[in-house]
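Q: Input protein13.pdb, format and content: PDB, C-alpha atoms.
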```pdb
ATOM      1  CA  LEU A   1       0.000   0.000   0.000
ATOM      2  CA  ARG A   2       2.791   2.425   0.903
ATOM      3  CA  GLN A   3       4.159   2.118  -2.661
ATOM      4  CA  ILE A   4       0.900   3.129  -4.353
ATOM      5  CA  GLU A   5       1.035   6.642  -5.826
ATOM      6  CA  SER A   6      -2.559   7.435  -4.761
ATOM      7  CA  MET A   7      -1.980   6.292  -1.173
ATOM      8  CA  GLU A   8      -3.340   9.536   0.323
ATOM      9  CA  HIS A   9      -6.566   9.043  -1.668
ATOM     10  CA  LEU A  10      -7.029   5.485  -0.409
ATOM     11  CA  LEU A  11      -6.536   6.521   3.228
ATOM     12  CA  THR A  12      -9.343   9.068   3.307
ATOM     13  CA  ALA A  13     -12.360   8.355   5.528
ATOM     14  CA  GLU A  14     -14.436   7.924   2.373
ATOM     15  CA  HIS A  15     -12.334   5.067   1.013
ATOM     16  CA  PHE A  16     -10.593   3.424   3.976
ATOM     17  CA  ARG A  17     -13.059   1.201   5.830
ATOM     18  CA  PRO A  18     -11.742  -0.876   8.767
ATOM     19  CA  LYS A  19     -12.279  -4.557   8.060
ATOM     20  CA  VAL A  20     -10.623  -7.983   8.169
ATOM     21  CA  LEU A  21     -10.531 -10.089   4.991
ATOM     22  CA  VAL A  22      -9.779 -13.780   5.532
ATOM     23  CA  SER A  23      -8.859 -16.690   3.276
ATOM     24  CA  ALA A  24      -6.826 -19.862   3.677
ATOM     25  CA  ASP A  25      -3.786 -18.190   2.122
ATOM     26  CA  ARG A  26      -3.975 -14.678   3.511
ATOM     27  CA  VAL A  27      -5.423 -12.303   6.090
ATOM     28  CA  GLU A  28      -5.691  -8.580   5.377
ATOM     29  CA  ALA A  29      -6.654  -6.369   8.336
ATOM     30  CA  LEU A  30      -7.370  -2.688   7.682
ATOM     31  CA  LEU A  31      -7.181  -0.831  10.993
ATOM     32  CA  SER A  32      -8.138   2.788  11.511
ATOM     33  CA  GLY A  33      -7.561   4.940  14.593
ATOM     34  CA  HIS A  34      -9.406   3.815  17.713
ATOM     35  CA  LYS A  35     -11.455   1.299  15.707
ATOM     36  CA  TRP A  36      -8.573  -1.155  15.646
ATOM     37  CA  GLU A  37      -9.641  -2.117  19.159
ATOM     38  CA  PHE A  38     -12.660  -3.874  17.677
ATOM     39  CA  ALA A  39     -10.416  -6.449  16.032
ATOM     40  CA  THR A  40      -9.821  -9.593  18.065
ATOM     41  CA  GLU A  41      -7.460 -12.349  16.973
ATOM     42  CA  ILE A  42      -6.874 -12.484  13.250
ATOM     43  CA  PHE A  43      -5.617 -15.573  11.442
ATOM     44  CA  ARG A  44      -5.796 -17.398   8.139
ATOM     45  CA  ASN A  45      -8.662 -19.820   7.612
ATOM     46  CA  ALA A  46      -6.325 -22.788   7.829
ATOM     47  CA  PRO A  47      -5.501 -25.398  10.499
ATOM     48  CA  LEU A  48      -2.822 -24.330  13.017
ATOM     49  CA  ALA A  49      -2.454 -20.872  11.444
ATOM     50  CA  THR A  50      -0.622 -18.238  13.501
ATOM     51  CA  ARG A  51      -3.009 -16.076  15.527
ATOM     52  CA  VAL A  52      -2.299 -12.353  15.827
ATOM     53  CA  LYS A  53      -3.929  -9.732  18.057
ATOM     54  CA  VAL A  54      -2.930  -6.092  17.660
ATOM     55  CA  THR A  55      -2.784  -4.306  21.015
ATOM     56  CA  SER A  56      -1.312  -0.925  19.997
ATOM     57  CA  LEU A  57      -0.975   0.855  16.668
ATOM     58  CA  GLY A  58       1.136   3.664  18.162
ATOM     59  CA  GLU A  59      -0.046   7.046  19.401
ATOM     60  CA  SER A  60       0.535   9.031  16.211
ATOM     61  CA  ILE A  61      -0.796   6.353  13.849
ATOM     62  CA  THR A  62      -4.125   6.899  12.104
ATOM     63  CA  HIS A  63      -4.181   3.863   9.774
ATOM     64  CA  ALA A  64      -2.512   0.464   9.655
ATOM     65  CA  VAL A  65      -2.624  -2.541   7.360
ATOM     66  CA  VAL A  66      -1.612  -5.975   8.680
ATOM     67  CA  THR A  67      -1.153  -8.832   6.211
ATOM     68  CA  ILE A  68      -0.552 -12.429   7.329
ATOM     69  CA  VAL A  69       0.714 -15.126   4.954
ATOM     70  CA  ASP A  70       2.245 -18.603   5.308
ATOM     71  CA  PRO A  71       5.944 -18.206   4.368
ATOM     72  CA  LEU A  72       6.431 -21.798   3.216
ATOM     73  CA  ALA A  73       3.144 -22.849   1.617
ATOM     74  CA  VAL A  74       3.208 -23.678  -2.084
ATOM     75  CA  ARG A  75       0.408 -22.512  -4.331
ATOM     76  CA  ALA A  76      -2.115 -25.258  -5.075
ATOM     77  CA  GLY A  77      -1.335 -26.942  -8.368
ATOM     78  CA  SER A  78       2.223 -25.601  -8.449
ATOM     79  CA  ASP A  79       5.466 -27.027  -7.156
ATOM     80  CA  GLN A  80       7.340 -23.746  -7.536
ATOM     81  CA  MET A  81       5.120 -20.756  -6.699
ATOM     82  CA  TYR A  82       4.942 -19.915  -2.994
ATOM     83  CA  THR A  83       1.840 -18.180  -1.662
ATOM     84  CA  SER A  84       4.111 -15.560  -0.062
ATOM     85  CA  ASP A  85       5.379 -14.648  -3.536
ATOM     86  CA  MET A  86       1.812 -14.271  -4.774
ATOM     87  CA  ASN A  87       0.616 -12.230  -1.803
ATOM     88  CA  LEU A  88       3.699 -10.326  -0.634
ATOM     89  CA  GLY A  89       5.861 -10.306  -3.738
ATOM     90  CA  ARG A  90       8.732 -12.184  -2.120
ATOM     91  CA  THR A  91       9.845 -15.753  -1.398
ATOM     92  CA  PHE A  92      11.350 -16.445   2.014
ATOM     93  CA  ALA A  93      14.224 -18.772   2.800
ATOM     94  CA  GLN A  94      13.293 -21.902   4.782
ATOM     95  CA  ALA A  95      15.077 -20.344   7.781
ATOM     96  CA  PRO A  96      17.445 -17.393   8.273
ATOM     97  CA  SER A  97      20.417 -19.780   8.482
ATOM     98  CA  ALA A  98      21.251 -23.414   9.194
ATOM     99  CA  MET A  99      21.477 -22.591  12.914
ATOM    100  CA  TRP A 100      17.738 -21.918  13.118
ATOM    101  CA  GLN A 101      14.765 -24.219  12.705
ATOM    102  CA  SER A 102      12.287 -23.703   9.896
ATOM    103  CA  TRP A 103       9.830 -20.839  10.439
ATOM    104  CA  LYS A 104       7.411 -21.310  13.331
ATOM    105  CA  THR A 105       5.014 -18.465  12.518
ATOM    106  CA  ASP A 106       3.365 -16.916   9.508
ATOM    107  CA  VAL A 107       4.855 -13.794   7.950
ATOM    108  CA  ILE A 108       3.266 -10.680   9.440
ATOM    109  CA  ARG A 109       3.550  -7.566   7.269
ATOM    110  CA  VAL A 110       2.897  -4.283   9.084
ATOM    111  CA  GLU A 111       2.324  -0.971   7.307
ATOM    112  CA  ARG A 112       1.421   2.156   9.288
ATOM    113  CA  PHE A 113       0.329   5.590   8.157
ATOM    114  CA  THR A 114       0.009   8.977   9.794
ATOM    115  CA  SER A 115      -2.346  11.802   8.845
ATOM    116  CA  GLY A 116      -4.002  14.738  10.548
ATOM    117  CA  ILE A 117      -0.979  15.828  12.643
ATOM    118  CA  SER A 118      -1.442  19.430  13.755
ATOM    119  CA  ARG A 119       1.269  21.476  15.482
ATOM    120  CA  GLU A 120       1.494  25.034  16.790
ATOM    121  CA  VAL A 121       3.786  27.403  14.890
ATOM    122  CA  ARG A 122       5.206  30.220  16.987
ATOM    123  CA  GLY A 123       7.415  32.032  14.528
ATOM    124  CA  VAL A 124       8.507  32.401  10.891
ATOM    125  CA  SER A 125      11.951  33.613   9.830
ATOM    126  CA  MET A 126      12.324  36.489   7.366
ATOM    127  CA  SER A 127      14.320  34.448   4.872
ATOM    128  CA  ASN A 128      14.128  32.497   1.643
ATOM    129  CA  PRO A 129      13.267  29.708   2.230
ATOM    130  CA  ALA A 130      11.220  30.357   5.361
ATOM    131  CA  VAL A 131      12.047  28.526   8.588
ATOM    132  CA  LEU A 132       9.112  27.958  10.940
ATOM    133  CA  THR A 133       9.558  27.396  14.661
ATOM    134  CA  SER A 134       7.415  24.631  16.138
ATOM    135  CA  ASP A 135       8.507  22.833  19.293
ATOM    136  CA  GLY A 136       8.774  19.048  18.867
ATOM    137  CA  HIS A 137       6.725  19.189  15.648
ATOM    138  CA  GLY A 138       7.540  15.682  14.381
ATOM    139  CA  PHE A 139       7.255  16.609  10.711
ATOM    140  CA  MET A 140       9.627  14.969   8.218
ATOM    141  CA  VAL A 141      11.334  16.035   5.007
ATOM    142  CA  GLY A 142       8.886  15.319   2.179
ATOM    143  CA  ASP A 143       5.749  15.975   4.249
ATOM    144  CA  PHE A 144       3.190  18.287   2.668
ATOM    145  CA  LEU A 145       1.726  20.816   5.104
ATOM    146  CA  SER A 146      -1.188  23.224   5.093
ATOM    147  CA  PHE A 147      -1.601  26.130   7.493
ATOM    148  CA  GLU A 148      -4.334  27.757   9.578
ATOM    149  CA  GLU A 149      -4.447  31.228  11.123
ATOM    150  CA  MET A 150      -1.436  32.214   9.010
ATOM    151  CA  THR A 151      -0.948  34.022   5.693
ATOM    152  CA  ILE A 152       0.490  30.895   4.032
ATOM    153  CA  THR A 153      -1.891  29.451   1.459
ATOM    154  CA  GLY A 154      -1.878  26.104  -0.304
ATOM    155  CA  GLU A 155       0.232  23.055   0.527
ATOM    156  CA  HIS A 156       4.002  23.242   0.944
ATOM    157  CA  MET A 157       6.600  20.475   1.190
ATOM    158  CA  VAL A 158       8.985  20.321   4.137
ATOM    159  CA  THR A 159      12.543  20.549   2.791
ATOM    160  CA  ALA A 160      14.566  20.483   6.037
ATOM    161  CA  VAL A 161      13.918  19.842   9.729
ATOM    162  CA  THR A 162      15.425  20.215  13.176
ATOM    163  CA  ALA A 163      13.836  19.089  16.423
ATOM    164  CA  ASP A 164      12.009  22.399  16.851
ATOM    165  CA  SER A 165      11.828  23.911  13.363
ATOM    166  CA  PHE A 166      11.138  23.042   9.752
ATOM    167  CA  THR A 167      11.749  24.696   6.393
ATOM    168  CA  ILE A 168       9.306  25.145   3.504
ATOM    169  CA  ALA A 169       9.821  26.565   0.015
ATOM    170  CA  VAL A 170       8.227  29.957   0.763
ATOM    171  CA  ASP A 171      10.011  33.276   0.243
ATOM    172  CA  ASN A 172       9.527  35.349   3.376
ATOM    173  CA  SER A 173      12.597  37.542   2.940
ATOM    174  CA  ALA A 174      10.338  40.605   2.510
ATOM    175  CA  GLY A 175       7.982  39.661   5.352
ATOM    176  CA  ALA A 176       5.144  38.390   3.172
ATOM    177  CA  VAL A 177       3.961  36.150   6.018
ATOM    178  CA  THR A 178       2.295  38.674   8.304
ATOM    179  CA  ASP A 179       0.518  36.256  10.637
ATOM    180  CA  MET A 180       3.481  34.320  11.981
ATOM    181  CA  VAL A 181       1.680  32.348  14.692
ATOM    182  CA  GLY A 182      -0.798  29.626  13.859
ATOM    183  CA  ARG A 183      -0.957  25.920  13.102
ATOM    184  CA  ALA A 184       0.742  23.602  10.596
ATOM    185  CA  MET A 185      -1.043  20.406   9.600
ATOM    186  CA  LEU A 186      -0.020  17.289   7.718
ATOM    187  CA  ALA A 187      -1.980  17.671   4.488
ATOM    188  CA  GLN A 188      -1.293  14.211   3.056
ATOM    189  CA  PRO A 189      -0.919  10.853   4.850
ATOM    190  CA  ARG A 190       2.575   9.436   5.054
ATOM    191  CA  ALA A 191       3.977   5.983   5.627
ATOM    192  CA  ALA A 192       5.328   5.596   9.150
ATOM    193  CA  SER A 193       8.462   3.488   8.683
ATOM    194  CA  VAL A 194      10.138   4.156  12.028
ATOM    195  CA  SER A 195       8.467   5.306  15.216
ATOM    196  CA  ASN A 196       9.898   6.964  18.268
ATOM    197  CA  ALA A 197      10.354   5.245  21.625
ATOM    198  CA  ALA A 198       6.829   6.176  22.744
ATOM    199  CA  ASP A 199       5.177   4.915  19.564
ATOM    200  CA  PRO A 200       5.713   1.145  19.111
ATOM    201  CA  PHE A 201       3.465  -1.195  17.188
ATOM    202  CA  VAL A 202       2.560  -4.010  19.583
ATOM    203  CA  PHE A 203       0.895  -7.312  18.797
ATOM    204  CA  GLU A 204       0.413 -10.703  20.426
ATOM    205  CA  ILE A 205       1.059 -13.935  18.559
ATOM    206  CA  TYR A 206       0.130 -17.519  19.220
ATOM    207  CA  SER A 207       1.567 -20.443  17.284
ATOM    208  CA  SER A 208       0.989 -24.058  18.203
ATOM    209  CA  ALA A 209       4.460 -24.747  16.770
ATOM    210  CA  LEU A 210       5.914 -22.673  19.614
ATOM    211  CA  VAL A 211       4.168 -24.442  22.489
ATOM    212  CA  GLY A 212       6.889 -25.637  24.865
ATOM    213  CA  SER A 213       9.609 -23.564  23.196
ATOM    214  CA  ALA A 214      12.356 -22.365  25.524
ATOM    215  CA  SER A 215      12.753 -19.082  23.628
ATOM    216  CA  ILE A 216      12.132 -17.702  20.183
ATOM    217  CA  GLN A 217      13.727 -15.187  17.864
ATOM    218  CA  CYS A 218      11.652 -12.853  15.730
ATOM    219  CA  PHE A 219      13.185 -11.211  12.686
ATOM    220  CA  MET A 220      12.411  -8.130  10.637
ATOM    221  CA  VAL A 221      12.775  -8.171   6.861
ATOM    222  CA  ALA A 222      12.885  -4.640   5.479
ATOM    223  CA  ALA A 223      10.734  -3.696   2.489
ATOM    224  CA  SER A 224      13.904  -2.798   0.595
ATOM    225  CA  ALA A 225      15.487  -6.242   1.102
ATOM    226  CA  SER A 226      16.044  -8.025  -2.202
ATOM    227  CA  ASN A 227      17.960 -11.208  -1.351
ATOM    228  CA  LEU A 228      15.841 -13.200   1.072
ATOM    229  CA  PHE A 229      18.307 -16.086   0.954
ATOM    230  CA  ASP A 230      21.019 -13.978   2.609
ATOM    231  CA  ALA A 231      21.112 -14.484   6.389
ATOM    232  CA  ALA A 232      21.983 -10.787   6.861
ATOM    233  CA  THR A 233      18.562  -9.892   5.440
ATOM    234  CA  TYR A 234      16.903 -11.200   8.599
ATOM    235  CA  GLN A 235      17.440  -8.649  11.369
ATOM    236  CA  PRO A 236      16.658  -9.665  14.979
ATOM    237  CA  ILE A 237      13.968  -7.235  16.039
ATOM    238  CA  GLU A 238      15.931  -6.371  19.192
ATOM    239  CA  ALA A 239      18.551  -4.843  16.867
ATOM    240  CA  THR A 240      15.856  -2.505  15.504
ATOM    241  CA  GLY A 241      14.564  -1.435  18.937
ATOM    242  CA  GLY A 242      11.917  -4.129  19.294
ATOM    243  CA  SER A 243      11.313  -6.831  21.890
ATOM    244  CA  VAL A 244       9.657 -10.224  22.432
ATOM    245  CA  THR A 245       8.038 -11.252  25.720
ATOM    246  CA  SER A 246       6.979 -14.837  26.392
ATOM    247  CA  HIS A 247       3.720 -15.638  28.180
ATOM    248  CA  GLY A 248       4.152 -19.406  27.920
ATOM    249  CA  ASP A 249       2.246 -22.019  25.945
ATOM    250  CA  GLY A 250       3.172 -20.545  22.566
ATOM    251  CA  ARG A 251       1.983 -16.994  23.308
ATOM    252  CA  TYR A 252       4.244 -13.983  22.904
ATOM    253  CA  THR A 253       3.970 -10.203  22.850
ATOM    254  CA  VAL A 254       6.012  -8.577  20.106
ATOM    255  CA  SER A 255       6.817  -4.855  20.110
ATOM    256  CA  VAL A 256       8.408  -3.303  17.021
ATOM    257  CA  MET A 257       9.632   0.209  16.346
ATOM    258  CA  ALA A 258      10.266  -0.029  12.598
ATOM    259  CA  THR A 259       7.322  -0.891  10.351
ATOM    260  CA  GLY A 260       6.757  -0.994   6.624
ATOM    261  CA  ALA A 261       8.391  -4.413   6.940
ATOM    262  CA  ASP A 262       7.751  -8.132   7.388
ATOM    263  CA  PHE A 263       8.098  -9.977  10.707
ATOM    264  CA  ILE A 264       8.571 -13.706  11.202
ATOM    265  CA  CYS A 265       9.707 -15.927  14.098
ATOM    266  CA  THR A 266      11.472 -19.210  14.712
ATOM    267  CA  GLU A 267      13.669 -20.859  17.335
ATOM    268  CA  ASP A 268      17.122 -22.296  17.765
ATOM    269  CA  HIS A 269      17.982 -25.808  16.627
ATOM    270  CA  TYR A 270      18.857 -26.805  20.222
ATOM    271  CA  GLU A 271      21.834 -28.854  19.153
ATOM    272  CA  CYS A 272      22.594 -29.868  22.750
ATOM    273  CA  ALA A 273      19.353 -31.850  22.899
ATOM    274  CA  THR A 274      20.715 -34.411  20.433
ATOM    275  CA  ASN A 275      23.792 -36.436  21.380
ATOM    276  CA  ASN A 276      24.942 -33.638  23.663
ATOM    277  CA  GLY A 277      25.670 -31.443  20.662
ATOM    278  CA  ALA A 278      27.972 -33.913  18.903
ATOM    279  CA  PRO A 279      30.112 -33.539  16.892
ATOM    280  CA  VAL A 280      30.718 -30.031  18.265
ATOM    281  CA  CYS A 281      30.759 -31.443  21.786
ATOM    282  CA  ASP A 282      31.595 -34.919  23.008
ATOM    283  CA  ALA A 283      28.493 -37.077  22.857
ATOM    284  CA  ASP A 284      29.074 -38.160  26.468
ATOM    285  CA  PRO A 285      27.693 -35.433  28.794
ATOM    286  CA  VAL A 286      30.017 -36.700  31.523
ATOM    287  CA  ARG A 287      33.040 -35.610  29.485
ATOM    288  CA  ALA A 288      31.585 -32.348  28.097
ATOM    289  CA  GLU A 289      28.864 -29.887  28.982
ATOM    290  CA  CYS A 290      26.977 -28.577  25.962
ATOM    291  CA  VAL A 291      25.713 -24.978  26.172
ATOM    292  CA  GLU A 292      23.177 -23.684  23.648
ATOM    293  CA  ASN A 293      23.765 -20.432  21.793
ATOM    294  CA  MET A 294      20.771 -18.835  20.065
ATOM    295  CA  GLY A 295      21.303 -18.967  16.318
ATOM    296  CA  ALA A 296      24.860 -20.247  16.657
ATOM    297  CA  ALA A 297      26.767 -23.449  17.287
ATOM    298  CA  PRO A 298      26.836 -24.630  20.916
ATOM    299  CA  THR A 299      29.863 -24.243  23.120
ATOM    300  CA  CYS A 300      31.363 -26.965  25.278
TER     301      CYS A 300
END
```
When written as structure tokens, how does the structure in this file appear?
A:
Amino acid sequence: LRQIESMEHLLTAEHFRPKVLVSADRVEALLSGHKWEFATEIFRNAPLATRVKVTSLGESITHAVVTIVDPLAVRAGSDQMYTSDMNLGRTFAQAPSAMWQSWKTDVIRVERFTSGISREVRGVSMSNPAVLTSDGHGFMVGDFLSFEEMTITGEHMVTAVTADSFTIAVDNSAGAVTDMVGRAMLAQPRAASVSNAADPFVFEIYSSALVGSASIQCFMVAASASNLFDAATYQPIEATGGSVTSHGDGRYTVSVMATGADFICTEDHYECATNNGAPVCDADPVRAECVENMGAAPTC
């Protein structure tokens, strides 16, 4: 959705209707503002499918789209086309590397969008381009803004930002902006790729394949990733500011900061559970103690 040129048109109240569309291959959940709370668990209409419950979109988020697909299922009648390729435009490796088991959850794609942000402007520089002062505004380069209570008409793109100011392509060197206090508003929705520390996307997952698991690792695959058979493509979500909390019996809470990406989980191979990790360790536990390392060979 974030790659569609008419994205801002699709996210208007007239066209974006919260709903959950379900099939055996795919779930598509369209979540909007406070209405996301009406969604309970979402999952594909297939046996043992991963169950997902969104618990927080993030404070500044007005729309979100969550897509859930089996990463390893092959399209019916084909021995080559994966359903993830059909639905997400990418084919996933069987696991991030040989040190991990095959995927234990579905792929969960999260896209978030922000619109309607309004911030107070308390000053405009007499310069070309004009620099507007707005404490903690949160606008980004590329945002299109409109203005109220100020003599700035139309929509203007943000060309530079600091924490408390932003620049637009308006010539105010002669003082054309006479009302220099007012409000700036995000005129067009934008994709929210990375959130701040107070704005995570949080969801709960349940997978029967994870019941009894000692610990799991969830990975993020960026939208820009092209080689999904390169282990470096799969980033542990902790490395991107996220976290995973276990509640036992295959249930976990996942919190992610970066969105506009795919998320998928698995677990270690637990080499020590078989022959005490042999051949890395001596097969006799009396002679060697095998210690598991998540996503890596055991140590003895």
Q: Do a neighbour search on Phe203 in chain A at 8 Å with only C-alpha atoms, toss out local chain neighbours closer than 5 positions, and write the hits as an MDAnalysis selection string.
A: chainID A and resid 52:56 253:255
Q: Evaluating the PyMOL selection byres ((chain A and resi 62) around 9) on the displayed file yields which residues, as a PyMOL selection string?
A: chain A and resi 31-34+57-61+63-64+112-116+189
Q: Got a sec: who's within 9 Å of Glu149 in chain A, counting all atoms listed in the file, leaving out chain neighbours fewer than 4 positions off, as a short mmCIF file (atom, residue, chain, number, x, y, z; two decimals) with C-alpha atoms, keeping the file's coordinate frame?
A:
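Full text of around-v3.cif as output:
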```
data_model
loop_
_atom_site.label_atom_id
_atom_site.label_comp_id
_atom_site.auth_asym_id
_atom_site.auth_seq_id
_atom_site.Cartn_x
_atom_site.Cartn_y
_atom_site.Cartn_z
CA ASP A 179 0.52 36.26 10.64
CA MET A 180 3.48 34.32 11.98
CA VAL A 181 1.68 32.35 14.69
CA GLY A 182 -0.80 29.63 13.86
CA ARG A 183 -0.96 25.92 13.10
#
```
Q: If you count only C-alpha atoms, which residues fall within 8 Å of range 100-111 of chain A, apart from same-chain ones fewer than 2 positions away, as a CSV table (one decimal) with C-alpha atoms, keeping the file's coordinate frame?
A:
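Listed below is the output, selection-v3.csv:
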```
chain,number,residue,atom,x,y,z
A,1,LEU,CA,0.0,0.0,0.0
A,2,ARG,CA,2.8,2.4,0.9
A,49,ALA,CA,-2.5,-20.9,11.4
A,50,THR,CA,-0.6,-18.2,13.5
A,64,ALA,CA,-2.5,0.5,9.7
A,65,VAL,CA,-2.6,-2.5,7.4
A,66,VAL,CA,-1.6,-6.0,8.7
A,67,THR,CA,-1.2,-8.8,6.2
A,68,ILE,CA,-0.6,-12.4,7.3
A,69,VAL,CA,0.7,-15.1,5.0
A,70,ASP,CA,2.2,-18.6,5.3
A,71,PRO,CA,5.9,-18.2,4.4
A,94,GLN,CA,13.3,-21.9,4.8
A,95,ALA,CA,15.1,-20.3,7.8
A,96,PRO,CA,17.4,-17.4,8.3
A,97,SER,CA,20.4,-19.8,8.5
A,98,ALA,CA,21.3,-23.4,9.2
A,113,PHE,CA,0.3,5.6,8.2
A,191,ALA,CA,4.0,6.0,5.6
A,192,ALA,CA,5.3,5.6,9.2
A,193,SER,CA,8.5,3.5,8.7
A,207,SER,CA,1.6,-20.4,17.3
A,209,ALA,CA,4.5,-24.7,16.8
A,210,LEU,CA,5.9,-22.7,19.6
A,259,THR,CA,7.3,-0.9,10.4
A,260,GLY,CA,6.8,-1.0,6.6
A,261,ALA,CA,8.4,-4.4,6.9
A,262,ASP,CA,7.8,-8.1,7.4
A,263,PHE,CA,8.1,-10.0,10.7
A,264,ILE,CA,8.6,-13.7,11.2
A,265,CYS,CA,9.7,-15.9,14.1
A,266,THR,CA,11.5,-19.2,14.7
A,267,GLU,CA,13.7,-20.9,17.3
A,268,ASP,CA,17.1,-22.3,17.8
A,269,HIS,CA,18.0,-25.8,16.6
A,295,GLY,CA,21.3,-19.0,16.3
```
Q: Could you work out how far CA of Val256 in chain A lies from CA of Phe144 in chain A, giving the answer in Å with one decimal?
A: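 Atom-to-atom, CA of Phe144 in chain A and CA of Val256 in chain A are spaced 26.4 Å apart.
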Q: Going by the chain IDs and residue numbers used in this file, which residues fall under the PyMOL selection byres ((chain A and resi 45) around 7)? Write them as a ChimeraX atom specification.
A: /A:22-24,43-44,46
Q: Go ahead and compute the interatomic distance for CA of Arg119 in chain A and CA of Leu30 in chain A, in Å to one decimal.
A: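 Taking CA of Arg119 in chain A and CA of Leu30 in chain A, their separation equals 26.8 Å.
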Q: I need the output of the PyMOL selection byres ((chain A and resi 86) around 12) for this file as number ranges by chain; which residues are they?
A: A: 25-26, 69-76, 78, 80-85, 87-92
Q: Find, counting all atoms listed in the file, the residue in A:Gly123, A:Tyr206, A:Met99, A:Thr153 that gets nearest to Glu271 in chain A.
A: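 Comparing A:Gly123, A:Tyr206, A:Met99, A:Thr153 against Glu271 in chain A, the winner is A:Met99.
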